[in-house]
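*Asks:* Here you go, protein39.tsv (TSV, C-alpha atoms):
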```tsv
chain	number	residue	atom	x	y	z
Y	1	MET	CA	26.67	-30.74	13.85
Y	2	LYS	CA	24.94	-33.28	11.60
Y	3	ASN	CA	21.67	-32.32	10.02
Y	4	VAL	CA	19.25	-35.29	10.14
Y	5	VAL	CA	15.76	-35.49	8.60
Y	6	LEU	CA	13.30	-38.25	9.53
Y	7	ILE	CA	10.45	-38.73	7.06
Y	8	ASN	CA	7.21	-40.17	8.37
Y	9	ALA	CA	5.60	-41.45	5.15
Y	10	SER	CA	2.53	-43.02	6.70
Y	11	PRO	CA	-0.51	-42.31	4.49
Y	12	LYS	CA	-2.77	-42.24	7.57
Y	13	ILE	CA	-4.69	-39.06	8.34
Y	14	SER	CA	-5.57	-40.01	11.90
Y	15	GLY	CA	-5.40	-42.88	14.34
Y	16	PRO	CA	-2.42	-44.88	15.56
Y	17	SER	CA	0.42	-45.18	13.09
Y	18	LEU	CA	3.30	-47.61	13.37
Y	19	SER	CA	5.48	-45.38	11.18
Y	20	ASN	CA	4.90	-42.54	13.64
Y	21	TYR	CA	5.87	-44.80	16.55
Y	22	LEU	CA	9.02	-45.92	14.71
Y	23	VAL	CA	10.00	-42.32	13.93
Y	24	THR	CA	9.62	-41.40	17.63
Y	25	LEU	CA	11.62	-44.44	18.70
Y	26	LEU	CA	14.37	-43.57	16.22
Y	27	ALA	CA	14.42	-39.90	17.25
Y	28	ASN	CA	15.14	-41.02	20.82
Y	29	GLN	CA	18.37	-42.69	19.66
Y	30	PHE	CA	20.00	-39.39	18.81
Y	31	ASP	CA	22.01	-37.17	21.09
Y	32	LEU	CA	20.34	-33.83	20.38
Y	33	ALA	CA	23.44	-31.98	21.57
Y	34	SER	CA	25.29	-33.17	18.47
Y	35	ILE	CA	22.44	-33.60	15.95
Y	36	CYS	CA	20.02	-31.12	14.42
Y	37	LEU	CA	16.89	-33.21	13.97
Y	38	SER	CA	13.77	-32.45	11.85
Y	39	VAL	CA	10.74	-34.62	11.18
Y	40	ILE	CA	8.67	-34.36	8.00
Y	41	ASN	CA	5.19	-35.87	7.83
Y	42	ILE	CA	4.61	-36.24	4.10
Y	43	ARG	CA	0.80	-36.14	4.28
Y	44	GLN	CA	1.01	-32.84	6.15
Y	45	SER	CA	3.71	-31.67	3.78
Y	46	ILE	CA	1.62	-32.36	0.68
Y	47	THR	CA	-1.79	-31.26	1.95
Y	48	LYS	CA	-0.51	-28.11	3.67
Y	49	ARG	CA	1.71	-27.28	0.68
Y	50	LEU	CA	4.92	-27.30	2.71
Y	51	THR	CA	6.88	-29.39	0.25
Y	52	LEU	CA	9.19	-26.60	-0.96
Y	53	ASP	CA	10.40	-25.92	2.59
Y	54	ASP	CA	10.68	-29.65	3.23
Y	55	PHE	CA	12.58	-30.28	-0.01
Y	56	THR	CA	15.08	-27.60	1.00
Y	57	LYS	CA	15.54	-29.36	4.36
Y	58	LEU	CA	16.16	-32.63	2.54
Y	59	LYS	CA	18.63	-31.09	0.15
Y	60	GLU	CA	20.66	-29.70	3.03
Y	61	ALA	CA	20.52	-32.87	5.15
Y	62	ASP	CA	23.54	-34.99	6.02
Y	63	ALA	CA	21.25	-37.96	6.57
Y	64	VAL	CA	17.65	-38.86	5.77
Y	65	VAL	CA	15.59	-41.77	7.12
Y	66	ILE	CA	12.41	-42.67	5.21
Y	67	VAL	CA	9.87	-44.61	7.29
Y	68	PHE	CA	6.80	-46.12	5.64
Y	69	PRO	CA	4.38	-49.05	5.49
Y	70	LEU	CA	4.55	-51.47	2.56
Y	71	TYR	CA	1.65	-51.05	0.09
Y	72	PHE	CA	1.34	-53.71	-2.61
Y	73	TYR	CA	5.00	-54.71	-2.20
Y	74	CYS	CA	6.41	-51.24	-2.81
Y	75	THR	CA	6.03	-47.66	-1.58
Y	76	PRO	CA	2.59	-46.08	-1.05
Y	77	GLY	CA	1.45	-43.68	-3.78
Y	78	ILE	CA	1.67	-40.69	-1.46
Y	79	LEU	CA	5.38	-41.38	-0.85
Y	80	MET	CA	5.97	-41.77	-4.59
Y	81	ARG	CA	4.37	-38.34	-5.11
Y	82	PHE	CA	6.78	-36.82	-2.57
Y	83	LEU	CA	9.84	-38.57	-4.04
Y	84	GLU	CA	8.92	-37.79	-7.66
Y	85	ASP	CA	8.39	-34.13	-6.81
Y	86	TYR	CA	11.65	-34.03	-4.85
Y	87	GLN	CA	13.52	-35.38	-7.86
Y	88	ARG	CA	12.01	-32.61	-10.01
Y	89	PHE	CA	12.97	-30.02	-7.38
Y	90	ILE	CA	16.54	-31.26	-7.17
Y	91	MET	CA	16.90	-31.31	-10.97
Y	92	GLU	CA	15.66	-27.72	-11.18
Y	93	GLN	CA	18.13	-26.72	-8.48
Y	94	GLY	CA	20.88	-28.37	-10.50
Y	95	SER	CA	23.03	-29.00	-7.44
Y	96	LEU	CA	23.28	-32.57	-6.33
Y	97	SER	CA	25.30	-33.93	-3.46
Y	98	ASN	CA	26.27	-37.55	-3.21
Y	99	GLN	CA	27.17	-37.31	0.45
Y	100	THR	CA	23.67	-37.43	1.94
Y	101	LYS	CA	23.23	-40.79	3.64
Y	102	VAL	CA	19.78	-42.32	3.19
Y	103	TYR	CA	18.21	-45.14	5.22
Y	104	THR	CA	14.77	-46.67	5.15
Y	105	ILE	CA	12.58	-48.41	7.73
Y	106	ILE	CA	9.71	-50.36	6.17
Y	107	ASN	CA	7.00	-52.33	7.91
Y	108	CYS	CA	4.53	-54.77	6.40
Y	109	GLY	CA	1.46	-56.47	7.84
Y	110	PHE	CA	2.69	-59.92	6.85
Y	111	PRO	CA	4.96	-61.68	9.34
Y	112	GLU	CA	7.75	-62.10	6.77
Y	113	PRO	CA	10.11	-59.09	6.77
Y	114	GLU	CA	11.61	-60.15	3.42
Y	115	ARG	CA	8.40	-59.02	1.71
Y	116	ASN	CA	9.79	-55.49	2.07
Y	117	ARG	CA	12.89	-56.28	-0.02
Y	118	GLU	CA	11.72	-54.70	-3.30
Y	119	ALA	CA	10.56	-51.55	-1.50
Y	120	VAL	CA	14.09	-51.14	-0.14
Y	121	ARG	CA	15.35	-51.40	-3.71
Y	122	VAL	CA	12.94	-48.61	-4.72
Y	123	ILE	CA	14.49	-46.30	-2.11
Y	124	ALA	CA	17.96	-47.32	-3.30
Y	125	SER	CA	16.92	-46.48	-6.87
Y	126	PHE	CA	15.55	-43.11	-5.74
Y	127	CYS	CA	18.95	-42.38	-4.17
Y	128	LYS	CA	20.69	-43.29	-7.41
Y	129	HIS	CA	18.46	-40.84	-9.32
Y	130	VAL	CA	18.94	-37.92	-6.90
Y	131	LYS	CA	22.63	-38.78	-6.30
Y	132	ALA	CA	22.24	-39.50	-2.62
Y	133	HIS	CA	24.06	-42.35	-0.89
Y	134	PHE	CA	21.77	-45.23	0.03
Y	135	ARG	CA	23.03	-47.03	3.14
Y	136	PHE	CA	20.68	-49.83	4.23
Y	137	GLY	CA	17.13	-50.69	5.22
Y	138	VAL	CA	15.41	-52.07	8.32
Y	139	LEU	CA	12.69	-54.49	7.19
Y	140	ILE	CA	9.96	-55.21	9.71
Y	141	GLY	CA	7.44	-58.05	9.46
Y	142	GLY	CA	4.24	-58.30	11.50
Y	143	GLY	CA	3.93	-54.53	11.67
Y	144	GLY	CA	0.21	-54.42	12.47
Y	145	MET	CA	0.75	-56.51	15.57
Y	146	LEU	CA	3.81	-54.62	16.76
Y	147	LEU	CA	2.03	-51.42	17.67
Y	148	GLU	CA	-0.68	-53.08	19.76
Y	149	THR	CA	1.55	-55.53	21.60
Y	150	LYS	CA	4.81	-53.59	21.94
Y	151	ASN	CA	4.70	-53.81	25.75
Y	152	ALA	CA	3.90	-57.55	25.93
Y	153	GLY	CA	6.57	-59.90	27.27
Y	154	PHE	CA	6.90	-61.88	24.03
Y	155	MET	CA	7.75	-58.67	22.14
Y	156	LYS	CA	10.85	-57.94	24.23
Y	157	LYS	CA	13.29	-59.47	21.74
Y	158	THR	CA	11.66	-57.74	18.78
Y	159	ILE	CA	11.69	-54.33	20.48
Y	160	GLN	CA	15.33	-54.91	21.47
Y	161	ALA	CA	16.16	-55.77	17.84
Y	162	LEU	CA	14.45	-52.55	16.75
Y	163	HIS	CA	16.47	-50.51	19.24
Y	164	ASN	CA	19.69	-52.17	18.05
Y	165	SER	CA	18.92	-51.51	14.39
Y	166	PHE	CA	18.05	-47.88	15.11
Y	167	LEU	CA	21.27	-47.51	17.07
Y	168	THR	CA	23.13	-48.86	14.03
Y	169	ILE	CA	21.49	-46.10	11.94
Y	170	ALA	CA	22.32	-43.41	14.52
Y	171	ASN	CA	25.97	-44.53	14.76
Y	172	ASP	CA	26.34	-44.77	10.99
Y	173	ILE	CA	25.02	-41.22	10.62
Y	174	GLN	CA	27.59	-39.95	13.12
Y	175	ASN	CA	30.61	-41.39	11.37
Y	176	ASN	CA	31.91	-40.25	8.01
Y	177	GLU	CA	32.59	-43.72	6.63
Y	178	PHE	CA	30.65	-45.54	3.93
Y	179	GLU	CA	31.39	-49.12	4.97
Y	180	THR	CA	28.85	-51.66	3.68
Y	181	ILE	CA	26.07	-52.53	6.12
Y	182	GLU	CA	23.54	-55.19	5.09
Y	183	ASN	CA	19.77	-54.71	5.41
Y	184	ILE	CA	18.40	-55.74	8.81
Y	185	ASP	CA	15.35	-58.06	9.00
Y	186	ILE	CA	13.16	-57.86	12.10
Y	187	SER	CA	10.21	-60.13	12.74
Y	188	VAL	CA	7.74	-60.60	15.57
Y	189	LYS	CA	8.59	-63.75	17.54
Y	190	PHE	CA	5.12	-65.25	17.50
Y	191	PRO	CA	3.75	-68.49	15.93
Y	192	LYS	CA	2.50	-67.72	12.41
Y	193	ILE	CA	-0.61	-69.84	12.83
Y	194	LEU	CA	-1.66	-67.81	15.89
Y	195	PHE	CA	-0.68	-64.59	14.13
Y	196	ARG	CA	-3.10	-65.37	11.30
Y	197	PHE	CA	-5.89	-66.53	13.64
Y	198	ILE	CA	-5.69	-63.53	16.00
Y	199	GLY	CA	-5.35	-61.17	13.03
Y	200	GLY	CA	-8.63	-62.53	11.64
Y	201	LEU	CA	-10.42	-62.09	14.99
Y	202	ASN	CA	-9.16	-58.55	15.18
Y	203	TRP	CA	-10.68	-57.64	11.79
Y	204	ILE	CA	-14.03	-59.17	12.79
Y	205	SER	CA	-13.99	-57.22	16.03
Y	206	LEU	CA	-13.28	-53.96	14.14
Y	207	ALA	CA	-16.16	-54.68	11.73
Y	208	ARG	CA	-18.54	-55.31	14.65
Y	209	LYS	CA	-17.66	-51.90	16.08
Y	210	ASN	CA	-18.93	-50.51	12.76
Y	211	GLY	CA	-22.21	-52.41	13.07
Y	212	LEU	CA	-21.22	-55.15	10.60
Y	213	LYS	CA	-21.43	-58.92	10.93
Y	214	LYS	CA	-18.63	-61.30	9.99
Y	215	LYS	CA	-20.40	-62.28	6.76
Y	216	ASP	CA	-20.51	-58.59	5.71
Y	217	LEU	CA	-16.73	-58.62	5.37
Y	218	TYR	CA	-17.13	-60.91	2.35
Y	219	ARG	CA	-19.38	-58.53	0.37
Y	220	GLN	CA	-18.86	-58.43	-3.39
Y	221	PRO	CA	-20.39	-55.11	-4.46
Y	222	TYR	CA	-19.16	-55.25	-8.05
Y	223	ARG	CA	-20.08	-58.80	-8.86
C	1	MET	CA	-15.03	-58.74	-23.92
C	2	LYS	CA	-13.71	-55.55	-22.40
C	3	THR	CA	-10.23	-54.17	-21.76
C	4	THR	CA	-9.71	-51.29	-19.36
C	5	ILE	CA	-6.46	-49.38	-19.73
C	6	ILE	CA	-5.37	-47.21	-16.80
C	7	THR	CA	-2.84	-44.55	-17.77
C	8	ASP	CA	-0.87	-41.72	-16.17
C	9	LYS	CA	-1.97	-38.28	-17.38
C	10	ASP	CA	1.34	-36.73	-16.34
C	11	TYR	CA	3.63	-38.97	-18.42
C	12	GLN	CA	2.01	-39.02	-21.87
C	13	THR	CA	5.29	-39.08	-23.76
C	14	GLU	CA	5.76	-40.03	-27.41
C	15	LEU	CA	6.76	-43.50	-26.25
C	16	PHE	CA	3.55	-43.74	-24.23
C	17	GLN	CA	1.42	-42.61	-27.20
C	18	LYS	CA	3.00	-45.27	-29.38
C	19	LEU	CA	2.54	-47.95	-26.73
C	20	GLN	CA	-1.11	-47.05	-26.23
C	21	GLU	CA	-1.75	-47.06	-29.99
C	22	ARG	CA	-0.20	-50.52	-30.31
C	23	LEU	CA	-2.29	-51.84	-27.44
C	24	VAL	CA	-5.53	-50.40	-28.75
C	25	ALA	CA	-4.81	-51.90	-32.19
C	26	PHE	CA	-3.99	-55.28	-30.63
C	27	PHE	CA	-7.20	-55.49	-28.61
C	28	LYS	CA	-9.44	-53.99	-31.33
C	29	ASP	CA	-8.14	-56.66	-33.66
C	30	LYS	CA	-9.41	-59.22	-31.14
C	31	ASN	CA	-12.80	-57.49	-30.94
C	32	PHE	CA	-12.35	-56.15	-27.42
C	33	GLU	CA	-14.25	-53.07	-26.28
C	34	ILE	CA	-11.61	-50.67	-24.90
C	35	GLU	CA	-11.92	-48.08	-22.19
C	36	ALA	CA	-8.97	-45.85	-21.28
C	37	ILE	CA	-8.97	-44.11	-17.91
C	38	ASN	CA	-6.46	-41.33	-17.49
C	39	VAL	CA	-5.34	-40.68	-13.93
C	40	GLY	CA	-3.77	-37.34	-13.00
C	41	ARG	CA	-2.39	-35.73	-9.88
C	42	ASP	CA	-5.71	-34.18	-8.87
C	43	ASP	CA	-8.00	-37.04	-9.85
C	44	LEU	CA	-7.43	-39.41	-6.96
C	45	ALA	CA	-7.07	-38.86	-3.23
C	46	TYR	CA	-4.28	-40.85	-1.63
C	47	CYS	CA	-5.16	-44.05	0.18
C	48	MET	CA	-5.33	-43.11	3.86
C	49	GLY	CA	-4.66	-46.56	5.30
C	50	CYS	CA	-8.01	-46.58	7.13
C	51	PHE	CA	-9.02	-50.13	6.07
C	52	GLY	CA	-12.58	-48.82	5.69
C	53	CYS	CA	-12.76	-50.93	2.52
C	54	TRP	CA	-12.42	-53.99	4.78
C	55	VAL	CA	-14.33	-53.07	7.94
C	56	LYS	CA	-16.67	-50.14	7.16
C	57	LYS	CA	-17.85	-50.54	3.55
C	58	PRO	CA	-16.44	-53.96	2.66
C	59	GLY	CA	-15.47	-54.11	-1.01
C	60	GLU	CA	-15.72	-50.34	-1.59
C	61	CYS	CA	-13.35	-47.47	-0.94
C	62	VAL	CA	-14.77	-44.98	1.57
C	63	ILE	CA	-13.41	-42.07	-0.50
C	64	ASP	CA	-15.80	-41.19	-3.33
C	65	ASP	CA	-13.82	-39.96	-6.33
C	66	LEU	CA	-12.73	-41.31	-9.73
C	67	MET	CA	-11.57	-44.48	-7.96
C	68	THR	CA	-15.18	-45.57	-7.42
C	69	LYS	CA	-15.59	-45.80	-11.19
C	70	ILE	CA	-12.18	-47.42	-11.67
C	71	ASN	CA	-12.89	-50.12	-9.09
C	72	ARG	CA	-16.30	-50.88	-10.62
C	73	ASP	CA	-14.91	-50.91	-14.18
C	74	TYR	CA	-12.06	-53.11	-13.02
C	75	MET	CA	-14.35	-55.88	-11.84
C	76	ASN	CA	-16.51	-55.56	-14.96
C	77	SER	CA	-13.59	-55.98	-17.37
C	78	ASP	CA	-11.95	-59.07	-18.80
C	79	ILE	CA	-8.50	-57.47	-19.03
C	80	VAL	CA	-7.10	-54.55	-17.02
C	81	ILE	CA	-3.85	-52.97	-18.14
C	82	TYR	CA	-1.85	-50.56	-16.03
C	83	LEU	CA	0.44	-48.45	-18.21
C	84	SER	CA	3.00	-46.89	-15.93
C	85	PRO	CA	6.13	-44.88	-16.46
C	86	ILE	CA	8.92	-46.58	-14.54
C	87	ILE	CA	10.05	-44.24	-11.78
C	88	PHE	CA	12.76	-45.46	-9.39
C	89	GLY	CA	12.03	-48.99	-10.64
C	90	GLN	CA	8.42	-48.64	-9.49
C	91	PHE	CA	5.01	-47.38	-10.62
C	92	SER	CA	4.54	-43.62	-10.88
C	93	ALA	CA	2.65	-41.89	-8.07
C	94	ASN	CA	-0.58	-41.63	-10.09
C	95	ILE	CA	-0.61	-45.29	-11.10
C	96	LYS	CA	0.45	-46.38	-7.61
C	97	ASN	CA	-2.45	-44.42	-6.13
C	98	ALA	CA	-4.84	-46.34	-8.39
C	99	ILE	CA	-3.22	-49.63	-7.32
C	100	ASP	CA	-3.23	-48.77	-3.59
C	101	ARG	CA	-6.90	-47.95	-3.77
C	102	SER	CA	-7.79	-51.17	-5.58
C	103	LEU	CA	-7.52	-52.93	-2.20
C	104	PRO	CA	-11.33	-53.22	-1.78
C	105	ASN	CA	-11.37	-55.33	-4.97
C	106	THR	CA	-8.30	-57.41	-4.42
C	107	SER	CA	-8.39	-58.68	-0.85
C	108	LEU	CA	-10.23	-59.73	2.26
C	109	PRO	CA	-8.66	-58.73	5.56
C	110	PHE	CA	-7.88	-62.26	6.75
C	111	PHE	CA	-4.61	-64.14	6.37
C	112	ILE	CA	-3.97	-67.40	4.54
C	113	THR	CA	-0.84	-69.41	3.84
C	114	ARG	CA	0.60	-69.80	0.36
C	115	PRO	CA	2.24	-73.02	-0.81
C	116	ASP	CA	5.67	-71.55	-0.06
C	117	GLY	CA	4.65	-70.90	3.57
C	118	SER	CA	4.35	-67.14	3.25
C	119	THR	CA	1.31	-65.19	4.38
C	120	ILE	CA	-1.20	-63.47	2.10
C	121	HIS	CA	-4.71	-61.99	2.19
C	122	PRO	CA	-7.34	-64.11	0.45
C	123	PRO	CA	-9.07	-62.67	-2.65
C	124	ARG	CA	-12.51	-61.07	-2.34
C	125	TYR	CA	-13.81	-62.49	-5.63
C	126	ASP	CA	-13.50	-65.92	-7.29
C	127	LYS	CA	-12.83	-64.46	-10.73
C	128	TYR	CA	-10.87	-61.40	-11.77
C	129	PRO	CA	-9.98	-59.69	-15.01
C	130	GLN	CA	-6.50	-60.64	-16.21
C	131	PRO	CA	-4.28	-57.80	-15.01
C	132	ILE	CA	-1.30	-56.84	-17.15
C	133	ILE	CA	1.35	-54.41	-15.94
C	134	ILE	CA	3.31	-52.54	-18.61
C	135	GLY	CA	6.10	-50.18	-17.64
C	136	TYR	CA	7.65	-47.75	-20.09
C	137	GLY	CA	10.61	-45.41	-20.14
C	138	GLU	CA	13.21	-44.13	-22.56
C	139	GLN	CA	16.33	-44.65	-20.52
C	140	LEU	CA	16.09	-47.39	-17.94
C	141	ASP	CA	19.04	-49.13	-16.34
C	142	THR	CA	19.14	-52.87	-15.73
C	143	GLU	CA	18.28	-52.65	-12.01
C	144	ASP	CA	15.23	-50.41	-12.54
C	145	ARG	CA	13.94	-52.74	-15.26
C	146	GLN	CA	14.43	-55.82	-13.11
C	147	LEU	CA	12.96	-54.15	-10.02
C	148	PHE	CA	9.82	-53.16	-11.92
C	149	ILE	CA	9.26	-56.80	-12.85
C	150	ASP	CA	10.21	-58.17	-9.42
C	151	ILE	CA	7.73	-55.95	-7.55
C	152	THR	CA	4.89	-57.74	-9.31
C	153	GLU	CA	6.17	-61.14	-10.32
C	154	LYS	CA	8.00	-62.03	-7.08
C	155	HIS	CA	4.94	-61.39	-4.96
C	156	ARG	CA	1.77	-61.89	-7.00
C	157	LYS	CA	0.80	-64.73	-9.22
C	158	ASN	CA	-1.01	-64.59	-12.58
C	159	ILE	CA	0.09	-61.00	-13.21
C	160	PRO	CA	2.59	-60.54	-16.04
C	161	ALA	CA	4.80	-57.46	-15.86
C	162	LEU	CA	6.21	-56.23	-19.18
C	163	ILE	CA	8.53	-53.40	-20.15
C	164	TYR	CA	8.08	-51.39	-23.34
C	165	GLN	CA	11.00	-49.48	-24.84
C	166	ASN	CA	9.89	-49.12	-28.44
C	167	ASP	CA	10.10	-52.80	-29.39
C	168	ASP	CA	6.63	-53.43	-30.86
C	169	GLN	CA	7.28	-57.03	-31.81
C	170	ALA	CA	8.45	-57.96	-28.29
C	171	LEU	CA	5.27	-56.36	-26.91
C	172	ILE	CA	2.99	-58.24	-29.28
C	173	ASP	CA	4.86	-61.52	-28.67
C	174	ALA	CA	4.49	-61.08	-24.90
C	175	LEU	CA	0.78	-60.24	-25.17
C	176	ASN	CA	0.23	-63.31	-27.32
C	177	THR	CA	1.46	-65.53	-24.47
C	178	ILE	CA	-1.22	-64.24	-22.09
C	179	ALA	CA	-4.66	-65.88	-21.88
C	180	LEU	CA	-7.02	-63.00	-22.63
C	181	GLY	CA	-9.95	-63.50	-20.31
C	182	LYS	CA	-10.96	-63.65	-16.68
C	183	VAL	CA	-8.70	-65.56	-14.32
C	184	GLY	CA	-8.74	-66.80	-10.73
C	185	GLU	CA	-7.19	-64.89	-7.87
C	186	HIS	CA	-3.86	-63.15	-8.38
C	187	GLN	CA	-2.56	-62.74	-4.86
```
Reformat the file's structure so that it appears as structure tokens.
*Replies:*
Amino acid sequence: MKNVVLINASPKISGPSLSNYLVTLLANQFDLASICLSVINIRQSITKRLTLDDFTKLKEADAVVIVFPLYFYCTPGILMRFLEDYQRFIMEQGSLSNQTKVYTIINCGFPEPERNREAVRVIASFCKHVKAHFRFGVLIGGGGMLLETKNAGFMKKTIQALHNSFLTIANDIQNNEFETIENIDISVKFPKILFRFIGGLNWISLARKNGLKKKDLYRQPYR
Amino acid sequence: MKTTIITDKDYQTELFQKLQERLVAFFKDKNFEIEAINVGRDDLAYCMGCFGCWVKKPGECVIDDLMTKINRDYMNSDIVIYLSPIIFGQFSANIKNAIDRSLPNTSLPFFITRPDGSTIHPPRYDKYPQPIIIGYGEQLDTEDRQLFIDITEKHRKNIPALIYQNDDQALIDALNTIALGKVGEHQ
């Protein structure tokens, strides 16, 4: 039975999280009769001081999937803390395995999935340093929109593409081969000009709920 | 003229000490006032992805810790230097936390189009300090070095990313190519 760990690396404390949705969607791809599945939420892991238990789970895993939002074109600081500390843990343990397969699923707010490319390389580098076997990444553009409109008709193709990519991960975990699989880009099929316009309206609407006017969004407190 | 140097408290190696000394000497020689801010594991909360800096307290982080001072100092400097150990080809966790939580300074929530057709958030301010990213590490392979540069230079304009591995002259030469004063947006 394969031992699979899904890492939800969303920095969010509360509220809807796309990473959480993606982890749930991915978890549903596995046949639980043949997979032992665990999910680690890194914010919980760090704040509740569960990292030692979680690091042990990672060390014993056959496959790990790291799911996170893009922050400034690479991984969020909270994920770096987890990965840095894991590297220290694994070095202290002195027993590295190069058989653990690692995948990543990264989403960014911009519509262009290729903006996630360097973050995939960071996960590949992490694998190199802890002697795990990096497989491939799923790069998602338009992440902010995906969560709110996942049931809309125009999202059908995108959701199908997500399912297909997650199935590719699940199948790759089940086999013992290391054949090359390229990164998978997934974007929201929606005109960019409308994406930008509706995105802007959405931010104004959120600000109004907090008692702010549109002009308040432009404040320059440190000028 | 003021230079703020943001450093990682957890990676103050000999190489780092040497790098910082060279930088301080370089900017003192040019009559810059220098402020070094050391960031450690317990100094900054992690960004919580709440976007409060866009829609609750625009331009300010809703978490009140050392980052409040860093964000204010950032905008009141002419040069801001991030000195980061290179970990997995990226910034260390401490430095990345400081970068994640600079969002209230760097961007507005809206989207605009760049000349290459890609999407970006517009800057909050018209003028910014010149940011300089300097990564350091004793043993770095080619991919980690290149990745560290690509993370910044492929995606953001007007931000030079340098790597220091004990070559003082290369560092000074690189710094001498940078205009040392406030610049426009660096999205």
*Asks:* CA of Pro109 in chain C and CA of Arg208 in chain Y, how far apart in Å?
*Replies:* 13.9 Å
*Asks:* Quick one: of Y:Tyr103, Y:Phe82, Y:Tyr71, Y:Phe195, who's nearest to Gln44 in chain Y, counting only C-alpha atoms?
*Replies:*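 Using only C-alpha atoms, Gln44 in chain Y sits closest to Y:Phe82.
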*Asks:* Quick one: of C:Ser118, C:Thr106, C:Thr68, C:Asn38, who's nearest to chain Y, counting all atoms listed in the file?
*Replies:*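 Ranking C:Ser118, C:Thr106, C:Thr68, C:Asn38 by distance to chain Y, first place goes to C:Ser118.
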*Asks:* Set the cut-off to 8 Å and count only C-alpha atoms: what are the residues of chain C that reach chain Y? Output as number ranges by chain.
*Replies:* C: 46-50, 54-56, 58-60, 72, 75-76, 87-90, 92-97, 99-100, 108-112, 118-120, 124-125, 144, 147, 150-152, 155
*Asks:* Store the residues of this selection in a file with C-alpha atoms, as a PDB file, in the coordinates of the input.
*Replies:*
```pdb
ATOM      1  CA  TYR C  46      -4.280 -40.850  -1.630  1.00  0.00           C
ATOM      2  CA  CYS C  47      -5.160 -44.050   0.180  1.00  0.00           C
ATOM      3  CA  MET C  48      -5.330 -43.110   3.860  1.00  0.00           C
ATOM      4  CA  GLY C  49      -4.660 -46.560   5.300  1.00  0.00           C
ATOM      5  CA  CYS C  50      -8.010 -46.580   7.130  1.00  0.00           C
ATOM      6  CA  TRP C  54     -12.420 -53.990   4.780  1.00  0.00           C
ATOM      7  CA  VAL C  55     -14.330 -53.070   7.940  1.00  0.00           C
ATOM      8  CA  LYS C  56     -16.670 -50.140   7.160  1.00  0.00           C
ATOM      9  CA  PRO C  58     -16.440 -53.960   2.660  1.00  0.00           C
ATOM     10  CA  GLY C  59     -15.470 -54.110  -1.010  1.00  0.00           C
ATOM     11  CA  GLU C  60     -15.720 -50.340  -1.590  1.00  0.00           C
ATOM     12  CA  ARG C  72     -16.300 -50.880 -10.620  1.00  0.00           C
ATOM     13  CA  MET C  75     -14.350 -55.880 -11.840  1.00  0.00           C
ATOM     14  CA  ASN C  76     -16.510 -55.560 -14.960  1.00  0.00           C
ATOM     15  CA  ILE C  87      10.050 -44.240 -11.780  1.00  0.00           C
ATOM     16  CA  PHE C  88      12.760 -45.460  -9.390  1.00  0.00           C
ATOM     17  CA  GLY C  89      12.030 -48.990 -10.640  1.00  0.00           C
ATOM     18  CA  GLN C  90       8.420 -48.640  -9.490  1.00  0.00           C
ATOM     19  CA  SER C  92       4.540 -43.620 -10.880  1.00  0.00           C
ATOM     20  CA  ALA C  93       2.650 -41.890  -8.070  1.00  0.00           C
ATOM     21  CA  ASN C  94      -0.580 -41.630 -10.090  1.00  0.00           C
ATOM     22  CA  ILE C  95      -0.610 -45.290 -11.100  1.00  0.00           C
ATOM     23  CA  LYS C  96       0.450 -46.380  -7.610  1.00  0.00           C
ATOM     24  CA  ASN C  97      -2.450 -44.420  -6.130  1.00  0.00           C
ATOM     25  CA  ILE C  99      -3.220 -49.630  -7.320  1.00  0.00           C
ATOM     26  CA  ASP C 100      -3.230 -48.770  -3.590  1.00  0.00           C
ATOM     27  CA  LEU C 108     -10.230 -59.730   2.260  1.00  0.00           C
ATOM     28  CA  PRO C 109      -8.660 -58.730   5.560  1.00  0.00           C
ATOM     29  CA  PHE C 110      -7.880 -62.260   6.750  1.00  0.00           C
ATOM     30  CA  PHE C 111      -4.610 -64.140   6.370  1.00  0.00           C
ATOM     31  CA  ILE C 112      -3.970 -67.400   4.540  1.00  0.00           C
ATOM     32  CA  SER C 118       4.350 -67.140   3.250  1.00  0.00           C
ATOM     33  CA  THR C 119       1.310 -65.190   4.380  1.00  0.00           C
ATOM     34  CA  ILE C 120      -1.200 -63.470   2.100  1.00  0.00           C
ATOM     35  CA  ARG C 124     -12.510 -61.070  -2.340  1.00  0.00           C
ATOM     36  CA  TYR C 125     -13.810 -62.490  -5.630  1.00  0.00           C
ATOM     37  CA  ASP C 144      15.230 -50.410 -12.540  1.00  0.00           C
ATOM     38  CA  LEU C 147      12.960 -54.150 -10.020  1.00  0.00           C
ATOM     39  CA  ASP C 150      10.210 -58.170  -9.420  1.00  0.00           C
ATOM     40  CA  ILE C 151       7.730 -55.950  -7.550  1.00  0.00           C
ATOM     41  CA  THR C 152       4.890 -57.740  -9.310  1.00  0.00           C
ATOM     42  CA  HIS C 155       4.940 -61.390  -4.960  1.00  0.00           C
TER      43      HIS C 155
END
```
*Asks:* Which polymer residues have any atom within 9 Å of an atom of Phe136 in chain Y, counting only C-alpha atoms, with same-chain residues fewer than 4 positions away left out, as a list of chain:residue names?
*Replies:*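 Listed by chain and then number, they are Y:Val102, Y:Tyr103, Y:Thr104, Y:Ile105, Y:Val120, Y:Ala124, Y:Ile169, Y:Thr180, Y:Ile181, Y:Glu182, Y:Asn183, Y:Ile184.
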*Asks:* Could you tell me how far CA of Ile133 in chain C lies from CA of Arg145 in chain C, in Å and to one decimal?
*Replies:*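 Taking CA of Ile133 in chain C as the start and CA of Arg145 in chain C as the end point, the length is 12.7 Å.
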*Asks:* Kindly indicate which residue among Y:Asn41, Y:Ala27, Y:Asp53, Y:Ile46 lies nearest to Arg41 in chain C, using all atoms listed in the file for the distances.
*Replies:* Y:Ile46
